[in-house]
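Engineer: First the structure, then my questions, so here it is.
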Amino acid sequence: MDEKFDIQAYMTRGVENIVSNALRATLRDPRESAFMVRFAAASRRASQRRSEAEKAGEHIPPFLIASITSACNLHCAGCYSRCNHATVDAAPVRQLTDEEWLAIFRQSEELGVSFILLAGGEPMLRRGVLEAAGKLPNIIFPIFTNGTYMDVAYFKLFDTCRNLIPVLSIEGGRAETD
Ligand code: SF4
């Protein structure tokens with residue numbers, strides 16, 4: 001491996017590319033563009049904070065993955081999370097509360113994190129955590145969901161909080177998924 005490879009610079013470039021591509025993709029939607037312009041400015045400030053921390057010997061990643069629940073309503077073939085017993089059918093022994101997640105998201109923002117992927121299990125089972133995430137427009141939260149809990153209330157939340165972006169993966173051929 002190239003010893004000069006700079007993971008910090010590589011990831012920061014990745015964030016900048018995502019933001020500039022997202023800006024271009026939202027040009028025809030004024031509300032979305034306004035949100036992305038504000039987020040781009042916040043993302044630059046976060047990048048600055050990370051690079052100052054790096055100079056002081058502290059590495060802050062631009063991305064986090066938060067597994068906010070161990071519960072899921074599906075049993076997909078090939079689910080890595082069930083394979084690792086991170087997703088189970090039993091009731092959770094102890095889960096972080098919505099308020100604890102909000103505190104983690106706020107601390108992440110202060111440190112310079114720009115993206116937090118919400119995963120599970122099925123993250124849309126934790127409506128309170130998603131509502132908490134919606135309060136932090138300086139962080140984008142892609143939500144890795146199976147989509148089965150999408151309802152009118154969630155559509156309204158996603159419409160109001162543009163930093164919450166549901167990401168649905170459809171696995172399999174047309175016969176299984178159409
Ligand atoms: S929806 Fe996701 S977490 Fe649930 S079983 Fe399928 S792959 Fe696993």
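Residue numbering restarts at 1 for every chain of the structure tokens, chains are lettered A, B, ... in their displayed order, and ligands are numbered from 1 as they appear.
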Quick one: residues within 7 Å of stretch 144-146 of chain A, only C-alpha atoms, excluding same-chain residues fewer than 4 positions away - as a count of residues only?

Structural biologist: 9

Engineer: Residues at most 7 Å from ligand 1, using only C-alpha atoms and all ligand atoms? Could they come as a count of residues only?

Structural biologist: 15

Engineer: From a DSSP calculation on the backbone, collect every residue of chain A in helix (DSSP H, G or I) and output the set as number ranges by chain.

Structural biologist: A: 7-25, 30-55, 80-83, 98-111, 123-125, 127-133, 152-160, 174-177

Engineer: Go ahead and save the picked residues with C-alpha atoms, as a tab-separated table (two decimals), in the first residue's frame.

Structural biologist:
```tsv
chain	number	residue	atom	x	y	z
A	7	ILE	CA	-7.21	8.81	4.12
A	8	GLN	CA	-8.33	12.16	5.57
A	9	ALA	CA	-7.76	14.00	2.29
A	10	TYR	CA	-9.32	11.11	0.34
A	11	MET	CA	-12.51	11.13	2.44
A	12	THR	CA	-12.74	14.92	2.43
A	13	ARG	CA	-12.52	14.87	-1.39
A	14	GLY	CA	-15.27	12.21	-1.36
A	15	VAL	CA	-17.55	14.47	0.70
A	16	GLU	CA	-16.82	17.46	-1.58
A	17	ASN	CA	-17.70	15.35	-4.65
A	18	ILE	CA	-20.96	14.14	-3.11
A	19	VAL	CA	-21.96	17.70	-2.18
A	20	SER	CA	-21.12	19.17	-5.57
A	21	ASN	CA	-22.94	16.35	-7.43
A	22	ALA	CA	-25.95	16.74	-5.11
A	23	LEU	CA	-25.97	20.49	-5.74
A	24	ARG	CA	-26.08	19.93	-9.50
A	25	ALA	CA	-28.80	17.28	-9.12
A	30	PRO	CA	-35.55	25.51	-5.42
A	31	ARG	CA	-36.21	24.19	-1.88
A	32	GLU	CA	-33.77	21.34	-2.32
A	33	SER	CA	-31.15	23.65	-3.87
A	34	ALA	CA	-31.52	26.14	-0.99
A	35	PHE	CA	-30.97	23.31	1.48
A	36	MET	CA	-27.95	21.98	-0.42
A	37	VAL	CA	-26.33	25.45	-0.65
A	38	ARG	CA	-26.61	25.81	3.15
A	39	PHE	CA	-25.36	22.26	3.65
A	40	ALA	CA	-22.38	22.85	1.32
A	41	ALA	CA	-21.33	25.82	3.49
A	42	ALA	CA	-21.77	23.74	6.68
A	43	SER	CA	-19.82	20.89	5.13
A	44	ARG	CA	-16.90	23.25	4.33
A	45	ARG	CA	-16.87	24.46	7.96
A	46	ALA	CA	-16.95	20.83	9.18
A	47	SER	CA	-14.07	19.97	6.86
A	48	GLN	CA	-12.09	22.87	8.31
A	49	ARG	CA	-12.75	21.61	11.86
A	50	ARG	CA	-11.58	18.11	10.93
A	51	SER	CA	-8.38	19.38	9.39
A	52	GLU	CA	-7.62	21.56	12.44
A	53	ALA	CA	-8.20	18.50	14.66
A	54	GLU	CA	-5.91	16.43	12.41
A	55	LYS	CA	-3.12	18.98	12.85
A	80	TYR	CA	-25.10	-9.33	6.89
A	81	SER	CA	-26.70	-7.90	10.01
A	82	ARG	CA	-28.70	-11.04	10.83
A	83	CYS	CA	-25.67	-13.14	9.89
A	98	ASP	CA	-33.95	9.03	21.16
A	99	GLU	CA	-32.40	11.70	23.43
A	100	GLU	CA	-29.12	9.78	23.71
A	101	TRP	CA	-28.92	9.51	19.92
A	102	LEU	CA	-29.66	13.24	19.60
A	103	ALA	CA	-26.78	13.95	22.01
A	104	ILE	CA	-24.45	11.75	19.90
A	105	PHE	CA	-25.54	13.52	16.70
A	106	ARG	CA	-24.91	16.93	18.29
A	107	GLN	CA	-21.45	15.87	19.52
A	108	SER	CA	-20.68	14.53	16.04
A	109	GLU	CA	-21.65	17.87	14.49
A	110	GLU	CA	-19.39	19.74	16.92
A	111	LEU	CA	-16.50	17.44	15.98
A	123	PRO	CA	-34.02	2.20	11.07
A	124	MET	CA	-37.53	3.43	10.28
A	125	LEU	CA	-38.73	1.48	13.32
A	127	ARG	CA	-39.22	7.23	14.34
A	128	GLY	CA	-38.05	9.28	17.35
A	129	VAL	CA	-34.38	8.91	16.33
A	130	LEU	CA	-35.19	10.01	12.77
A	131	GLU	CA	-37.10	13.02	14.11
A	132	ALA	CA	-34.08	13.87	16.29
A	133	ALA	CA	-31.78	13.62	13.24
A	152	VAL	CA	-47.70	9.72	5.12
A	153	ALA	CA	-46.14	10.92	8.38
A	154	TYR	CA	-42.69	9.84	7.15
A	155	PHE	CA	-43.23	11.54	3.77
A	156	LYS	CA	-44.06	14.76	5.64
A	157	LEU	CA	-40.95	14.39	7.83
A	158	PHE	CA	-38.71	13.83	4.78
A	159	ASP	CA	-40.35	16.76	2.98
A	160	THR	CA	-39.72	19.07	5.96
A	174	ARG	CA	-37.53	-8.38	-11.69
A	175	ALA	CA	-39.51	-11.51	-10.83
A	176	GLU	CA	-38.66	-11.17	-7.14
A	177	THR	CA	-38.87	-7.39	-6.78
```

Engineer: To test your reading of the structure, identify every residue in chain A that backbone DSSP assigns to strand (DSSP E), and report it as a ChimeraX atom specification.

Structural biologist: /A:63-67,115-119,141-145,164-168

Engineer: Rounded to one decimal place, report the atom CA of A:Ala71-atom CA of A:Val88 distance in Å.

Structural biologist: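 That distance, rounded to one decimal, is 6.0 Å.
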
Engineer: Between A:Gly172, A:Ile116, A:Gly134, A:His85, which residue has the minimum interatomic distance to A:Ala66, considering only C-alpha atoms?

Structural biologist: A:Ile116

Engineer: In Å, with one decimal, what is the gap from atom CA of A:Ile65 to atom CA of A:Ile139?

Structural biologist: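 Taking atom CA of A:Ile65 and atom CA of A:Ile139, their separation equals 12.5 Å.
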
Engineer: Distance atom CA of A:Phe63-atom CA of A:Glu171, one decimal place?

Structural biologist: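 Answer for the atom CA of A:Phe63 to atom CA of A:Glu171 separation: 24.6 Å.
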